[in-house]
Amino acid sequence: MYPYPSGMLHMGHVRVYTISDTLQRFRRMSGYNVLHPMGWDAFGLPAENAAIERGIHPAEWTVRNIAEVTTCDPAYYRWTQYIFLEMYKAGLAYQKEAVVNWDPVDQTVLANEQVDSEGRSWRSGALVERKKLKQWFFKDLLKDIDLLTQWPERVKQMQRHWIGKSKGAEFEFSVIGQTDIKSLKVFTSRPDTLFGVQYLVIAPEHPLVKKEYLPALQAEQVLNFVEELGQVQNRTEAEDSKKGVFTGLYAQHPITEETLPIYVAPYVLPDYGTGSVMGVPAHDKRDWDFCHANKIVDKIKWVVSPVLQEVGVDTTKTPFTAQGVLTDLSGAYKGMKSKEAGKAIIHYASQNRFGRSATQYRLKDWLLSRQRYWGTPIPIVHCPKCKTVPVPQEELPVPLPLNVTFTGKGKSPLAHVEEWVNCQCPKCNGPAKRETDTMDTFVDSSWYFMRYTDPKNTQLPFDSKIASNSLPVDIYIGGIEHAILHLLYSRFFSKFMWKQGAITDLPSTLPGNGEPFNILLTQNPKIIATGEIPSVSFEKMSKSKYNGVDPVSIIESQGVDPTRLHILYKAPPSEVLEWDDTSIVGMQRWIAKVLKLSTKESSTPSIPLPSMDAMTEEEKEVYRITHLTIKQVTSVMSSSFSFNTGISDLIKLSNCVSGSNLQPCSPVYQYAIRSLVTMMAPMTPTISEECWERLGETTSVFQQPWPVWEEEALVKDHIECMIQINGKTRLSITLPAHKLGDLGEIERRVREMPSGIKWLSTKPIRRVIAAKNGQLVNFVL
């Protein structure tokens, strides 16, 4: 995950990078060639706002905080501009006038994904407004979610919902009395309900909602209604709204030729579908509510009925939204089932040129332009003669000028830098002006993992062969809040590069089809102080909210490795971590215990491990626990990522060693402690190096291979068997492993024990039930 250098660090940063650092150390010790780079998502609003607050230039503030690969470095954003131009040439980057989400605090446009469930800006928290502006967009390329088998289902469902694929049909309704806008095109996922349309609804931003098109009697009321909708709702609120007003306009039904009133309402979004919808109150809950709230019709038209109807039950009190059988009101389609009728109606509409089958997506094209300074300049020139002209690739990068005055409010300060704005048209050499919008910071961070594979390349963003050999990213670690932001955008960029041939799939590539990330480990970014109630809102731990636990003071007072252990132990990555300064003491005590077990007196000359047959019973048990721990911790590091259980297993191993009678000179003791320190190393690198040195080693612990368990070492020589009498547990016995399941031998041993005599005596046993592979035996008397 790309860190932001925009403000002070918080423990959310420490948590995600502790997880990634732990995993990369484990992978290296397991023999992998690991690329675990550090880069900086250095452009964008967070960095600009942080600089404004401190009264310094964003370039100075950002560079002061960072190193390595940096998105605000011209050597990096040159290639961001290059990729933009490639998308422009491919027809995937374009400019249009659109209704956008406007942040009145940060004075910039936001993508839909950057507006939270309350209609607030993801960054400033301000209520978002609607504005109509000329903006730059990327066309969407997303599919293949089902290939992501190692992503959490929750994240895939979030992306499916956000993309919102719907199959259905588009129908055209003629607008009565209009010459400029002759028809309204509507999308529906239920073409079988076409005969039930009783009104149409258009978005407040629809072209029909203008004074010249509205009847004089309704124009003022309609325009006032639309003006009052200036503060935009988020999608959920808009979709639930029952507000609406009659436009005074009418449309004609394409089959029945009925006259249908046209309403305007905020629940119809201009960028979803066609900006107009058909109202079928009998078969859609929202249409039902809207129709009744605005008293649109007196009589509801029921065009679909249940296949099986209950006798004596009134079905007209609520809409029937399921599929069923078409009624008499559906004309020639009467008696058909919904699916069959839908296909037939679409076929008829297609033949008569008023409809067609269609697939609609909730996710619209990605709005990428921002009216701010600190971002990648869009490499476009606007010429009065040639119109929109891309900057030639040999002239990249288009540099961001540093001699600007800015406040972070209003129009981008780039518009006031005349020597930068005014330029020559690359096509006709006439006077022209540069595009003054900059790219959204998510553009910069959507392809950095590709640049990591070849960061010094000066001819291309990356070499195709080098990138194809390294990508996709094996494990991506980041907050769940990026499910519909960074992860969507990265998939978009990666799939584009794959389609262009810049990245190719190798036979071993997973998931394939240009997908950028194989395994996704989502980490909850929230770390709260003890006693606080965690909540999900736009105020997740962030620099912009000045909340969270300060890592510097924690690390200075508690130490680096105890802090890392505490973060990994207190909660699984996907859950909220409740920070408690007092409970970190437990990690400090455990570290001290392992240090004590790793004293110099135990660093005797290496003695070969004896064979298991030559070990004492206690040595066998310590050896077995060591191999069991290796197996469990390897599983944690490889697949489950439940670090808390892995640490618990390591603590149990240290307790097993310290609680045994083995001497430090014992080869089994040495093997157990060395295995313990090696497995601790990815989580506690500094302490583990010290322990390794105390054990008499002169090389780094990270030069050791990750330990491998042996299946035969996991087998117990003796196993405890629980004994029940008539279903109640009464005693237990220890058996040689090979005697487990020998019910006659178990009965004999139980009858010989004092507690067995008490419960069995000489009573006959009617039945014996064995469970749990023979580790539980029930004697029924």
# chains A, B, ... in the order shown; residues from 1 in each chain; ligands from 1
call {"tool": "residues_around", "arguments": {"residues": "Ala592 (chain A)", "least_positions_apart": "5", "cutoff": "12 Å", "atoms": "only C-alpha atoms", "output": "PyMOL selection string"}}
result
chain A and resi 561-562+585-587+597-599+651+654+687-688+690-691
call {"tool": "select_by_dssp", "arguments": {"residues": "region 636-732 of chain A", "states": "alpha helix (DSSP H)", "output": "ChimeraX atom specification"}}
result
/A:643-658,667-680,685-694
call {"tool": "atom_distance", "arguments": {"atom1": "CA of Tyr452 (chain A)", "atom2": "CA of Ile466 (chain A)"}}
result
10.4 Å
call {"tool": "residues_around", "arguments": {"residues": "Thr318 (chain A)", "least_positions_apart": "2", "cutoff": "10 Å", "atoms": "only C-alpha atoms", "output": "PyMOL selection string"}}
result
chain A and resi 281-285+288-289+314-316+320-321
call {"tool": "write_last_selection", "arguments": {"atoms": "C-alpha atoms", "output": "PDB file, in the first residue's frame"}}
result
ATOM      1  CA  PRO A 281     -45.999   1.574  -9.269  1.00  0.00           C
ATOM      2  CA  ALA A 282     -47.609  -1.891  -9.284  1.00  0.00           C
ATOM      3  CA  HIS A 283     -44.289  -3.707  -9.569  1.00  0.00           C
ATOM      4  CA  ASP A 284     -41.563  -1.538  -8.029  1.00  0.00           C
ATOM      5  CA  LYS A 285     -41.401  -0.470  -4.367  1.00  0.00           C
ATOM      6  CA  TRP A 288     -45.115   2.645  -5.552  1.00  0.00           C
ATOM      7  CA  ASP A 289     -43.945   5.019  -2.788  1.00  0.00           C
ATOM      8  CA  ASP A 314     -55.809  -8.895  -1.154  1.00  0.00           C
ATOM      9  CA  THR A 315     -52.576  -8.455  -3.153  1.00  0.00           C
ATOM     10  CA  THR A 316     -53.227  -4.816  -4.073  1.00  0.00           C
ATOM     11  CA  PHE A 320     -45.826  -7.234  -6.508  1.00  0.00           C
ATOM     12  CA  THR A 321     -42.126  -7.095  -7.392  1.00  0.00           C
TER      13      THR A 321
END
call {"tool": "residues_around", "arguments": {"residues": "Gln221 (chain A)", "least_positions_apart": "4", "cutoff": "12 Å", "atoms": "only C-alpha atoms", "output": "mmCIF file with C-alpha atoms, in the first residue's frame"}}
result
data_model
loop_
_atom_site.group_PDB
_atom_site.id
_atom_site.type_symbol
_atom_site.label_atom_id
_atom_site.label_comp_id
_atom_site.auth_asym_id
_atom_site.auth_seq_id
_atom_site.Cartn_x
_atom_site.Cartn_y
_atom_site.Cartn_z
ATOM 1 C CA VAL A 209 -35.610 20.881 -17.230
ATOM 2 C CA LYS A 210 -35.129 24.297 -18.812
ATOM 3 C CA LYS A 211 -37.435 27.280 -18.988
ATOM 4 C CA LEU A 214 -41.364 23.764 -19.634
ATOM 5 C CA PRO A 215 -44.991 24.987 -19.854
ATOM 6 C CA ALA A 216 -45.395 28.485 -18.402
ATOM 7 C CA LEU A 217 -47.719 27.292 -15.610
ATOM 8 C CA PHE A 225 -37.655 22.794 -6.928
ATOM 9 C CA VAL A 226 -34.460 21.977 -8.810
ATOM 10 C CA GLU A 227 -32.639 24.979 -7.331
ATOM 11 C CA GLU A 228 -33.484 23.796 -3.814
ATOM 12 C CA GLY A 244 -40.918 15.117 -6.953
ATOM 13 C CA VAL A 245 -42.752 17.702 -9.038
ATOM 14 C CA PHE A 246 -44.823 17.503 -12.242
ATOM 15 C CA THR A 247 -43.109 19.209 -15.206
ATOM 16 C CA GLY A 248 -46.282 19.860 -17.159
ATOM 17 C CA VAL A 264 -38.676 15.430 -12.068
#
call {"tool": "residues_around", "arguments": {"residues": "Ile723 (chain A)", "least_positions_apart": "4", "cutoff": "6 Å", "atoms": "only C-alpha atoms", "output": "list of chain:residue names"}}
result
A:Thr729, A:Leu731, A:Ser732, A:Val777, A:Asn778
call {"tool": "write_last_selection", "arguments": {"atoms": "N, CA, C and O atoms", "output": "PDB file, in the first residue's frame"}}
result
ATOM      1  N   THR A 729     -18.598 -37.348  31.564  1.00  0.00           N
ATOM      2  CA  THR A 729     -17.157 -37.538  31.698  1.00  0.00           C
ATOM      3  C   THR A 729     -16.791 -37.796  33.161  1.00  0.00           C
ATOM      4  O   THR A 729     -17.146 -37.007  34.048  1.00  0.00           O
ATOM      5  N   LEU A 731     -13.443 -39.692  34.013  1.00  0.00           N
ATOM      6  CA  LEU A 731     -12.001 -39.823  34.210  1.00  0.00           C
ATOM      7  C   LEU A 731     -11.295 -39.815  32.868  1.00  0.00           C
ATOM      8  O   LEU A 731     -11.936 -39.752  31.816  1.00  0.00           O
ATOM      9  N   SER A 732      -9.972 -39.849  32.922  1.00  0.00           N
ATOM     10  CA  SER A 732      -9.170 -39.947  31.700  1.00  0.00           C
ATOM     11  C   SER A 732      -8.013 -40.895  31.944  1.00  0.00           C
ATOM     12  O   SER A 732      -7.569 -41.080  33.085  1.00  0.00           O
ATOM     13  N   VAL A 777     -14.222 -42.180  24.788  1.00  0.00           N
ATOM     14  CA  VAL A 777     -14.906 -43.472  24.870  1.00  0.00           C
ATOM     15  C   VAL A 777     -16.013 -43.381  25.902  1.00  0.00           C
ATOM     16  O   VAL A 777     -15.788 -42.932  27.035  1.00  0.00           O
ATOM     17  N   ASN A 778     -17.222 -43.778  25.487  1.00  0.00           N
ATOM     18  CA  ASN A 778     -18.391 -43.732  26.367  1.00  0.00           C
ATOM     19  C   ASN A 778     -18.852 -45.167  26.648  1.00  0.00           C
ATOM     20  O   ASN A 778     -19.195 -45.910  25.719  1.00  0.00           O
TER      21      ASN A 778
END
call {"tool": "residues_around", "arguments": {"residues": "Tyr88 (chain A)", "least_positions_apart": "4", "cutoff": "10 Å", "atoms": "only C-alpha atoms", "output": "ChimeraX atom specification"}}
result
/A:82-84,92-95,137-138,380,390
call {"tool": "residues_around", "arguments": {"residues": "Glu170 (chain A)", "least_positions_apart": "5", "cutoff": "6 Å", "atoms": "only C-alpha atoms", "output": "short mmCIF file (atom, residue, chain, number, x, y, z; two decimals) with C-alpha atoms, in the first residue's frame"}}
result
data_model
loop_
_atom_site.label_atom_id
_atom_site.label_comp_id
_atom_site.auth_asym_id
_atom_site.auth_seq_id
_atom_site.Cartn_x
_atom_site.Cartn_y
_atom_site.Cartn_z
CA VAL A 186 -35.30 4.76 -20.26
CA PHE A 187 -33.53 1.65 -18.99
CA GLY A 355 -36.28 -0.41 -27.93
CA ARG A 356 -33.45 -2.89 -27.62
#
call {"tool": "atom_distance", "arguments": {"atom1": "CA of Asp144 (chain A)", "atom2": "CA of Gln159 (chain A)"}}
result
11.1 Å
call {"tool": "atom_distance", "arguments": {"atom1": "CA of Leu520 (chain A)", "atom2": "CA of Ile145 (chain A)"}}
result
12.7 Å
call {"tool": "closest_residue", "arguments": {"among": "A:Lys596, A:Asp21, A:Met439, A:His566", "to": "Glu578 (chain A)", "atoms": "only C-alpha atoms"}}
result
A:His566
call {"tool": "closest_residue", "arguments": {"among": "A:Asn469, A:Gln114, A:Ser357, A:Thr522", "to": "Thr188 (chain A)", "atoms": "only C-alpha atoms"}}
result
A:Ser357
call {"tool": "closest_residue", "arguments": {"among": "A:Ile765, A:Leu400, A:Val636, A:Cys72", "to": "Tyr448 (chain A)", "atoms": "only C-alpha atoms"}}
result
A:Cys72
